[in-house]
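K.L.:
Below you'll find target-v6.tsv; it's TSV, C-alpha atoms and all ligand atoms.
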chain	number	residue	atom	x	y	z
A	1	MET	CA	80.91	138.87	132.94
A	2	SER	CA	77.92	137.14	131.64
A	3	GLU	CA	79.61	136.82	128.28
A	4	GLU	CA	82.53	134.97	129.81
A	5	LYS	CA	80.20	132.71	131.65
A	6	GLN	CA	78.45	131.91	128.44
A	7	GLN	CA	81.73	131.05	126.73
A	8	VAL	CA	82.71	128.68	129.46
A	9	SER	CA	79.48	126.88	129.30
A	10	ARG	CA	79.73	126.76	125.55
A	11	ARG	CA	83.18	125.21	125.79
A	12	GLN	CA	81.88	122.76	128.31
A	13	PHE	CA	79.02	121.95	126.03
A	14	LEU	CA	81.40	121.26	123.16
A	15	ASN	CA	83.55	119.16	125.38
A	16	TYR	CA	80.61	117.08	126.37
A	17	THR	CA	79.40	116.57	122.88
A	18	LEU	CA	82.85	115.72	121.57
A	19	THR	CA	83.44	113.21	124.33
A	20	GLY	CA	80.04	111.87	123.52
A	21	VAL	CA	80.88	111.45	119.86
A	22	GLY	CA	84.24	109.90	120.68
A	23	GLY	CA	82.64	107.46	123.04
A	24	PHE	CA	80.08	106.59	120.48
A	25	MET	CA	82.74	105.98	117.85
A	26	ALA	CA	84.78	103.81	120.19
A	27	ALA	CA	81.70	101.75	120.92
A	28	GLY	CA	81.15	101.41	117.18
A	29	LEU	CA	84.67	100.13	116.70
A	30	LEU	CA	84.27	97.58	119.44
A	31	ILE	CA	80.98	96.36	118.19
A	32	SER	CA	81.62	96.24	114.49
A	33	PRO	CA	83.46	92.89	114.15
A	34	ILE	CA	80.64	91.08	115.89
A	35	ARG	CA	78.08	92.94	113.91
A	36	MET	CA	79.74	92.02	110.64
A	37	ALA	CA	79.67	88.40	111.63
A	38	ILE	CA	75.98	88.24	112.40
A	39	ASP	CA	74.28	90.93	110.39
A	40	PRO	CA	73.18	89.43	107.07
A	41	VAL	CA	72.92	92.89	105.53
A	42	LEU	CA	76.68	93.27	105.79
A	43	LYS	CA	77.50	89.94	104.20
A	44	PRO	CA	78.75	89.89	100.63
A	45	SER	CA	75.74	89.99	98.39
A	46	SER	CA	77.22	87.66	95.82
A	47	VAL	CA	77.82	84.60	97.97
A	48	GLY	CA	76.36	81.55	96.33
A	49	ASP	CA	75.52	83.45	93.18
A	50	TYR	CA	76.48	82.11	89.82
A	51	ALA	CA	77.63	84.50	87.14
A	52	ASN	CA	77.30	84.13	83.42
A	53	VAL	CA	80.87	84.33	82.21
A	54	GLY	CA	79.99	84.79	78.56
A	55	LEU	CA	81.22	81.45	77.30
A	56	ALA	CA	79.04	78.99	75.40
A	57	VAL	CA	79.54	75.42	76.56
A	58	GLU	CA	79.93	74.19	72.99
A	59	ASP	CA	82.95	76.47	72.64
A	60	ILE	CA	84.81	74.85	75.52
A	61	THR	CA	87.64	72.64	74.26
A	62	THR	CA	90.32	70.58	75.93
A	63	GLU	CA	92.62	73.60	75.69
A	64	PRO	CA	92.38	75.79	78.82
A	65	THR	CA	91.02	79.25	77.93
A	66	ARG	CA	90.94	82.21	80.23
A	67	VAL	CA	87.58	83.81	80.94
A	68	ASP	CA	87.11	87.09	82.77
A	69	TRP	CA	83.96	88.41	84.37
A	70	LYS	CA	82.86	90.86	87.05
A	71	ILE	CA	80.77	90.58	90.15
A	72	ASP	CA	79.45	93.15	92.62
A	73	GLN	CA	80.97	92.63	95.99
A	74	VAL	CA	80.32	94.30	99.31
A	75	ASP	CA	83.50	94.15	101.29
A	76	GLY	CA	82.98	95.74	104.68
A	77	TRP	CA	83.34	99.38	103.70
A	78	TYR	CA	83.41	99.26	99.96
A	79	GLU	CA	80.91	98.13	97.46
A	80	SER	CA	82.72	97.52	94.25
A	81	GLU	CA	82.98	95.60	91.05
A	82	VAL	CA	85.49	92.84	91.42
A	83	SER	CA	87.03	91.20	88.42
A	84	LYS	CA	87.25	87.42	88.43
A	85	ALA	CA	89.00	85.03	86.12
A	86	ALA	CA	89.17	81.31	85.49
A	87	TRP	CA	90.88	78.81	83.21
A	88	VAL	CA	88.18	76.74	81.58
A	89	PHE	CA	88.49	73.47	79.65
A	90	LYS	CA	87.08	69.96	79.30
A	91	ASN	CA	89.04	67.14	80.86
A	92	GLU	CA	89.42	63.57	79.55
A	93	ASP	CA	86.07	62.59	81.05
A	94	ASP	CA	84.43	65.45	79.13
A	95	GLU	CA	83.83	67.22	82.42
A	96	ILE	CA	84.01	71.00	82.55
A	97	MET	CA	86.87	72.24	84.68
A	98	ALA	CA	87.10	75.90	85.74
A	99	LEU	CA	90.26	76.55	87.71
A	100	SER	CA	91.12	79.68	89.64
A	101	PRO	CA	94.20	81.44	88.28
A	102	THR	CA	95.31	82.44	91.77
A	103	CYS	CA	98.52	80.67	92.75
A	104	THR	CA	98.06	78.82	96.04
A	105	HIS	CA	101.54	79.85	97.14
A	106	LEU	CA	101.28	83.62	97.53
A	107	GLY	CA	98.58	84.60	95.10
A	108	CYS	CA	100.18	85.59	91.80
A	109	VAL	CA	98.22	84.90	88.63
A	110	VAL	CA	99.09	81.65	86.87
A	111	SER	CA	98.81	81.03	83.13
A	112	TRP	CA	98.33	77.94	81.06
A	113	GLU	CA	101.69	77.16	79.46
A	114	GLY	CA	103.00	80.37	80.99
A	115	SER	CA	106.55	79.13	80.53
A	116	GLU	CA	107.95	77.66	77.35
A	117	LYS	CA	110.00	75.32	79.47
A	118	TYR	CA	106.94	73.61	80.88
A	119	PRO	CA	104.39	72.74	78.21
A	120	ASN	CA	101.06	71.32	79.32
A	121	GLU	CA	101.22	72.89	82.75
A	122	PHE	CA	100.00	75.96	84.56
A	123	PHE	CA	102.88	78.20	85.46
A	124	CYS	CA	103.26	80.93	88.10
A	125	PRO	CA	105.79	83.59	87.11
A	126	CYS	CA	106.54	84.70	90.67
A	127	HIS	CA	108.47	81.73	92.03
A	128	ASP	CA	108.13	79.22	89.21
A	129	GLY	CA	105.19	77.46	90.79
A	130	ARG	CA	103.80	74.70	88.55
A	131	TYR	CA	100.56	72.72	88.31
A	132	TYR	CA	99.42	69.83	86.13
A	133	LYS	CA	96.52	70.44	83.82
A	134	ASP	CA	93.98	69.24	86.38
A	135	GLY	CA	95.30	71.89	88.75
A	136	THR	CA	97.33	69.58	90.98
A	137	ASN	CA	100.44	71.29	92.29
A	138	ILE	CA	103.73	69.80	91.18
A	139	GLU	CA	105.87	68.66	94.04
A	140	GLY	CA	109.13	70.48	94.47
A	141	THR	CA	107.62	73.83	93.43
A	142	PRO	CA	106.39	76.36	96.03
A	143	PRO	CA	102.59	75.80	95.90
A	144	THR	CA	101.36	73.34	98.52
A	145	ARG	CA	97.87	72.64	97.25
A	146	PRO	CA	96.05	72.48	93.92
A	147	LEU	CA	94.44	75.44	92.21
A	148	ASP	CA	90.96	76.13	93.53
A	149	ARG	CA	88.12	74.92	91.37
A	150	PHE	CA	85.02	76.97	90.59
A	151	GLU	CA	81.57	75.49	91.04
A	152	HIS	CA	79.81	75.61	87.74
A	153	LYS	CA	76.46	75.06	86.11
A	154	VAL	CA	75.12	75.25	82.61
A	155	GLU	CA	72.01	77.16	81.65
A	156	ASN	CA	70.75	77.60	78.09
A	157	GLY	CA	74.07	76.42	76.81
A	158	MET	CA	76.00	79.08	78.70
A	159	LEU	CA	78.57	78.51	81.41
A	160	TYR	CA	77.88	79.94	84.87
A	161	LEU	CA	80.55	80.02	87.55
A	162	GLY	CA	80.04	80.28	91.30
A	163	ASN	CA	82.49	80.14	94.16
A	164	ALA	CA	85.98	78.76	93.96
A	165	GLN	CA	86.46	75.72	96.20
A	166	GLU	CA	89.68	74.67	97.82
A	167	ARG	CA	90.88	71.17	97.08
A	168	GLY	CA	93.10	68.90	99.12
A	169	GLY	CA	96.88	69.03	98.81
A	170	ALA	CA	98.83	66.62	96.64
B	1	MET	CA	100.84	92.64	98.45
B	2	ARG	CA	99.40	96.02	99.32
B	3	TRP	CA	100.06	98.40	102.16
B	4	VAL	CA	97.29	96.98	104.36
B	5	LYS	CA	97.64	94.96	107.53
B	6	ASP	CA	96.51	91.59	106.22
B	7	ASP	CA	98.82	91.75	103.22
B	8	ILE	CA	101.75	92.98	105.27
B	9	GLN	CA	101.31	90.08	107.66
B	10	THR	CA	101.59	87.69	104.74
B	11	TYR	CA	104.62	89.60	103.52
B	12	LYS	CA	106.31	89.38	106.92
B	13	LYS	CA	105.82	85.62	107.04
B	14	GLY	CA	107.43	85.10	103.65
B	15	LYS	CA	109.84	87.99	103.21
B	16	GLU	CA	112.25	85.86	101.21
B	17	TYR	CA	109.68	85.66	98.41
B	18	PHE	CA	109.35	89.43	97.97
B	19	ASP	CA	112.04	91.24	96.08
B	20	THR	CA	110.17	93.95	94.19
B	21	VAL	CA	108.56	97.24	95.23
B	22	ILE	CA	106.24	99.34	93.10
B	23	VAL	CA	105.88	103.05	93.85
B	24	PRO	CA	103.15	104.93	91.99
B	25	VAL	CA	104.44	108.46	91.41
B	26	ILE	CA	101.55	110.90	91.21
B	27	PRO	CA	101.51	114.72	90.91
B	28	PHE	CA	99.09	116.80	92.91
B	29	HIS	CA	97.92	120.39	92.55
B	30	LEU	CA	94.84	122.52	93.01
B	31	SER	CA	96.31	125.62	91.46
B	32	GLN	CA	95.55	125.22	87.77
B	33	ASP	CA	91.85	124.90	87.16
B	34	ALA	CA	92.32	124.00	83.53
B	35	GLU	CA	94.46	121.00	84.42
B	36	LEU	CA	92.34	119.59	87.24
B	37	ASP	CA	90.27	117.19	85.17
B	38	LYS	CA	93.29	115.77	83.46
B	39	SER	CA	95.33	115.46	86.64
B	40	THR	CA	92.65	113.72	88.63
B	41	SER	CA	91.78	111.36	85.82
B	42	LEU	CA	95.43	110.40	85.39
B	43	SER	CA	95.76	109.88	89.10
B	44	GLU	CA	92.74	107.55	89.10
B	45	VAL	CA	94.09	105.56	86.19
B	46	MET	CA	97.49	105.28	87.87
B	47	ASN	CA	95.92	103.88	91.02
B	48	ILE	CA	93.93	101.34	89.04
B	49	LEU	CA	96.98	100.33	87.03
B	50	ALA	CA	99.12	99.91	90.12
B	51	HIS	CA	96.48	97.78	91.81
B	52	GLU	CA	96.00	95.58	88.79
B	53	ILE	CA	99.73	95.01	88.45
B	54	GLU	CA	99.89	94.16	92.12
B	55	LYS	CA	97.10	91.62	91.64
B	56	GLU	CA	98.96	89.87	88.84
B	57	LEU	CA	102.20	89.60	90.80
B	58	SER	CA	101.06	89.88	94.39
B	59	GLY	CA	103.25	87.06	95.71
B	60	ARG	CA	106.47	88.81	94.85
B	61	VAL	CA	105.62	92.48	94.64
B	62	LEU	CA	104.88	95.01	97.35
B	63	LEU	CA	102.79	97.99	96.27
B	64	ILE	CA	103.54	100.84	98.62
B	65	PRO	CA	101.58	104.12	99.05
B	66	GLY	CA	101.92	106.54	96.16
B	67	TYR	CA	104.63	109.17	96.10
B	68	HIS	CA	102.79	112.47	95.74
B	69	TYR	CA	104.37	115.78	94.88
B	70	ILE	CA	103.34	119.23	93.78
B	71	LYS	CA	103.25	119.28	90.04
B	72	GLN	CA	105.39	122.40	89.55
B	73	SER	CA	107.85	121.61	92.30
B	74	ASP	CA	111.59	121.53	91.83
B	75	LYS	CA	112.45	118.07	90.57
B	76	GLU	CA	115.97	118.17	92.00
B	77	GLU	CA	114.42	118.36	95.45
B	78	GLU	CA	111.88	115.68	94.63
B	79	VAL	CA	114.59	113.34	93.45
B	80	LYS	CA	116.27	113.69	96.84
B	81	ARG	CA	113.00	113.07	98.65
B	82	ILE	CA	112.04	110.05	96.57
B	83	ASN	CA	115.51	108.59	97.01
B	84	SER	CA	115.06	108.90	100.75
B	85	TRP	CA	112.05	106.63	100.36
B	86	VAL	CA	114.29	104.16	98.58
B	87	GLU	CA	116.79	104.37	101.36
B	88	ASP	CA	114.11	103.35	103.83
B	89	ILE	CA	112.75	100.60	101.57
B	90	GLN	CA	116.20	99.12	101.29
B	91	LYS	CA	116.32	98.47	104.99
B	92	GLN	CA	114.67	95.32	103.66
B	93	PRO	CA	116.32	93.21	101.01
B	94	PHE	CA	114.46	94.38	97.91
B	95	ASN	CA	116.29	93.99	94.60
B	96	HIS	CA	113.95	95.88	92.33
B	97	ILE	CA	112.21	99.19	92.82
B	98	PHE	CA	109.93	100.50	90.10
B	99	PHE	CA	108.60	104.04	89.92
B	100	LEU	CA	105.44	104.14	87.89
B	101	THR	CA	104.45	107.51	86.45
B	102	PHE	CA	102.62	109.35	83.68
B	103	ASP	CA	104.66	112.51	84.26
B	104	PRO	CA	107.34	112.85	81.56
B	105	SER	CA	109.30	115.44	83.54
B	106	TRP	CA	110.86	112.62	85.59
B	107	LYS	CA	112.48	111.24	82.49
B	108	LYS	CA	115.21	113.88	82.63
B	109	TYR	CA	116.19	112.76	86.13
B	110	GLU	CA	115.94	109.08	85.45
B	111	ARG	CA	119.61	108.43	86.07
B	112	GLU	CA	119.56	110.08	89.47
B	113	LEU	CA	116.69	107.90	90.66
B	114	GLU	CA	117.63	104.91	92.74
B	115	GLY	CA	115.18	102.64	91.03
B	116	ASN	CA	113.73	101.93	87.62
B	117	LEU	CA	111.53	104.62	86.16
B	118	LEU	CA	108.63	103.21	84.19
B	119	TRP	CA	107.21	106.16	82.35
B	120	LEU	CA	103.94	105.47	80.60
B	121	PRO	CA	102.18	107.74	78.15
B	122	GLY	CA	99.03	109.00	79.89
B	123	ILE	CA	95.83	107.21	79.09
B	124	GLN	CA	93.14	109.78	78.44
B	125	SER	CA	89.54	108.87	78.88
B	126	ASP	CA	86.21	110.51	79.54
B	127	ASN	CA	85.02	107.44	81.33
B	128	ILE	CA	87.36	105.09	83.15
B	129	HIS	CA	84.56	102.57	83.56
B	130	SER	CA	84.05	102.07	79.85
B	131	ASP	CA	84.83	98.71	78.26
B	132	GLU	CA	87.36	100.40	76.05
B	133	MET	CA	89.23	101.68	79.07
B	134	HIS	CA	89.11	98.26	80.71
B	135	SER	CA	90.74	96.55	77.79
B	136	MET	CA	93.31	99.34	77.48
B	137	ILE	CA	94.24	98.97	81.14
B	138	ARG	CA	94.33	95.19	80.93
B	139	ASN	CA	96.65	95.49	77.97
B	140	GLN	CA	98.96	97.91	79.79
B	141	VAL	CA	98.99	95.70	82.88
B	142	ALA	CA	100.05	92.70	80.81
B	143	GLN	CA	102.87	94.64	79.22
B	144	ILE	CA	104.15	96.23	82.41
B	145	GLY	CA	103.94	92.84	84.13
B	146	GLU	CA	106.04	91.34	81.42
B	147	LEU	CA	108.57	94.15	81.71
B	148	ILE	CA	108.84	93.69	85.49
B	149	ARG	CA	109.26	89.94	85.06
B	150	SER	CA	112.11	90.56	82.65
B	151	TYR	CA	114.07	92.04	85.57
B	152	TRP	CA	113.59	88.89	87.68
C	201	LIG	S1	103.14	82.95	94.20
C	201	LIG	FE1	103.08	81.38	92.71
C	201	LIG	S2	104.90	80.33	93.10
C	201	LIG	FE2	104.93	81.84	94.62
As structure tokens - that is how I would like this structure written.

P.N.:
Amino acid sequence: MSEEKQQVSRRQFLNYTLTGVGGFMAAGLLISPIRMAIDPVLKPSSVGDYANVGLAVEDITTEPTRVDWKIDQVDGWYESEVSKAAWVFKNEDDEIMALSPTCTHLGCVVSWEGSEKYPNEFFCPCHDGRYYKDGTNIEGTPPTRPLDRFEHKVENGMLYLGNAQERGGA
Amino acid sequence: MRWVKDDIQTYKKGKEYFDTVIVPVIPFHLSQDAELDKSTSLSEVMNILAHEIEKELSGRVLLIPGYHYIKQSDKEEEVKRINSWVEDIQKQPFNHIFFLTFDPSWKKYERELEGNLLWLPGIQSDNIHSDEMHSMIRNQVAQIGELIRSYW
């Protein structure tokens, strides 16, 4: 008899704790979006950081060159190394341009002179999206705004890139 | 796009732009101790490869969850099962389906598969985070991307 009684209470106990855990988890789910928005600890650590992309400024020419680098990113659940890329060159005003290779249509990776048919342009292989050298989207092709441009700075002759900034549509 | 909600929402808004599906095809087993290291390392590399290819071509390609199967299982049966995935996928208008695998035993059944088999020789590595591995993967991604584009 007493054994049975014990089992019942044990089951009850488990039930209570499990409900407790479930309730706690549900609360966590409800709270988390707000928490992510306000808790600085959960924000990406690399915001505003500039990364050395391993390119000496004196090596930058008027011909767009692809540079690749990695940053640490905290993305909600995962902390990971994210690879980044940019097309870097000097424009007519001798200004450094670092354009994001992400097509503003649906996000494929564009290449400088990626199609033989279109010299002197950036080309997206997915739906033949095209951009002029300064990143402006070419009307009549799917992209609706120019390629994003990275913030940059120069330190000790090396190029540092920051965040990519959206630019207005053409 | 990947099999996550945000990406799928983008896909749904622009379905007419997506005509290609990539299916990583990955064996699983726990039965052969001697093979475990190799199998898990290949599986990791396959996932990285698939993700990198998706990144290159994300506006036209849908990367769906991997097709997993027991390594020693009967391939005739697996062919039927994988083709049933294709049947479901083709409820949407996809023109190209690519199966990506390191497992050469699929090669024999290539013609029965309702999609293109891209068999790649396995990349062996002690450390998938090494620079060597990175450049090898980047190289592979570029080549596979080019191959996929040649079907477009
Ligand atoms: S994703 Fe570049 S043109 Fe569509």

K.L.:
Kindly indicate which residue among A:Leu159, A:Val110, A:Ile138, A:Val82 lies nearest to ligand LIG 201 (chain C), using all atoms listed in the file for the distances.

P.N.:
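Going through A:Leu159, A:Val110, A:Ile138, A:Val82 one by one, the smallest distance to ligand LIG 201 (chain C) is for A:Val110.
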
K.L.:
Counting only C-alpha atoms, give me one row per residue of chain B with an atom at most 6 Å from an atom of chain A, showing the shortest contact pair and its distance in Å to one decimal, sorted by chain then residue number, as a tab-separated table.

P.N.:
residue	atom	partner	partner_atom	distance
B:Glu56	CA	A:Val109	CA	5.0
B:Leu57	CA	A:Cys108	CA	4.6
B:Ser58	CA	A:Cys108	CA	5.1
B:Gly59	CA	A:Leu106	CA	4.4
B:Arg60	CA	A:Cys126	CA	5.9

K.L.:
In file coordinates, which residues lie within 10 Å of (108.9, 87.8, 102.6) using all atoms listed in the file, given as a JSON list (two decimals) with C-alpha atoms, in the frame of the given file?

P.N.:
[["chain", "number", "residue", "atom", "x", "y", "z"],
["B", 8, "ILE", "CA", 101.75, 92.98, 105.27],
["B", 9, "GLN", "CA", 101.31, 90.08, 107.66],
["B", 10, "THR", "CA", 101.59, 87.69, 104.74],
["B", 11, "TYR", "CA", 104.62, 89.60, 103.52],
["B", 12, "LYS", "CA", 106.31, 89.38, 106.92],
["B", 13, "LYS", "CA", 105.82, 85.62, 107.04],
["B", 14, "GLY", "CA", 107.43, 85.10, 103.65],
["B", 15, "LYS", "CA", 109.84, 87.99, 103.21],
["B", 16, "GLU", "CA", 112.25, 85.86, 101.21],
["B", 17, "TYR", "CA", 109.68, 85.66, 98.41],
["B", 18, "PHE", "CA", 109.35, 89.43, 97.97],
["B", 19, "ASP", "CA", 112.04, 91.24, 96.08],
["B", 59, "GLY", "CA", 103.25, 87.06, 95.71],
["B", 60, "ARG", "CA", 106.47, 88.81, 94.85],
["B", 61, "VAL", "CA", 105.62, 92.48, 94.64],
["B", 62, "LEU", "CA", 104.88, 95.01, 97.35],
["B", 92, "GLN", "CA", 114.67, 95.32, 103.66],
["B", 93, "PRO", "CA", 116.32, 93.21, 101.01],
["B", 94, "PHE", "CA", 114.46, 94.38, 97.91]]

K.L.:
What is the CA of Glu54 in chain B to CA of Thr136 in chain A distance in Å?

P.N.:
24.7 Å

K.L.:
Using the file's own x, y and z axes, what box holds all listed atoms of range 118-124 of chain B with 6 Å on each side, keeping edges along x, y and z, and what are its centre and edge lengths in Å to one decimal, as AutoDock Vina command-line options?

P.N.:
--center_x 100.9 --center_y 106.5 --center_z 81.2 --size_x 27.5 --size_y 18.6 --size_z 18.0

K.L.:
Point out the residue among A:Asp93, A:Glu155, A:Glu58, A:Asp128 with the least atom-to-atom distance to ligand LIG 201 (chain C), counting all atoms listed in the file.

P.N.:
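For ligand LIG 201 (chain C), the nearest of the candidates is A:Asp128.
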
K.L.:
If you count all atoms listed in the file, which residues fall within 12 Å of Ala142 in chain B, apart from same-chain ones fewer than 2 positions away, as an MDAnalysis selection string?

P.N.:
(chainID A and resid 109 111) or (chainID B and resid 49:50 52:57 135:140 144:149)

K.L.:
Kindly indicate which residue among A:Val74, A:Met97, A:Ala164, A:Val154 lies nearest to Lys133 in chain A, using only C-alpha atoms for the distances.

P.N.:
A:Met97

K.L.:
What does the structure give for the distance between atom FE2 of ligand LIG 201 (chain C) and CA of Asp134 in chain A, in Å to one decimal?

P.N.:
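We find that atom FE2 of ligand LIG 201 (chain C) and CA of Asp134 in chain A lie 18.6 Å from each other.
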
K.L.:
May I ask for the distance between CA of Val21 in chain B and CA of Gly135 in chain A, given in Å to one decimal place?

P.N.:
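Straight-line distance from CA of Val21 in chain B to CA of Gly135 in chain A works out to 29.3 Å.
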
K.L.:
Pull the neighbourhood of (103.2, 106.9, 92.9) for me: all residues within 9 Å in file coordinates, counting all atoms listed in the file, as JSON, numbers by chain.

P.N.:
{"B": [22, 23, 24, 25, 26, 27, 43, 46, 47, 50, 64, 65, 66, 67, 68, 99, 100, 101]}

K.L.:
Have a look at A:Met158, A:Arg167, A:Gly140, A:Arg130 and name the one nearest to ligand LIG 201 (chain C); count all atoms listed in the file.

P.N.:
A:Arg130

K.L.:
Identify, on the basis of only C-alpha atoms, every residue whose closest approach to Asp68 in chain A does not exceed 8 Å; exclude the query and any residue fewer than 6 positions from it along the same chain; express the result as a PyMOL selection string.

P.N.:
chain A and resi 53+83-86

K.L.:
If you count only C-alpha atoms, which residues fall within 12 Å of Pro104 in chain B, apart from same-chain ones fewer than 6 positions away, as a list in words?

P.N.:
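In the requested format, the answer is Val25, Ile26, Pro27, Lys71, Lys75, Glu110, Leu117, Leu118, Trp119, Leu120, Pro121 and Gly122 of chain B.
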
K.L.:
Which is closest to Ser41 in chain B among B:Val4, B:Phe28, B:Ser84, B:Val79, if we use only C-alpha atoms?

P.N.:
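Once distances to Ser41 in chain B are computed over only C-alpha atoms, the minimum belongs to B:Phe28.
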
K.L.:
Between A:Glu63, A:Asp72, A:Asp148, A:Glu81, which one has atoms that come closest to Ser100 in chain A, using only C-alpha atoms?

P.N.:
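Of all the options, A:Asp148 lies closest to Ser100 in chain A.
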
K.L.:
Would you mind listing what lies within 7 Å of Pro64 in chain A as a PyMOL selection string, with all atoms listed in the file counted and same-chain residues fewer than 5 positions away left out?

P.N.:
chain A and resi 87-89+112
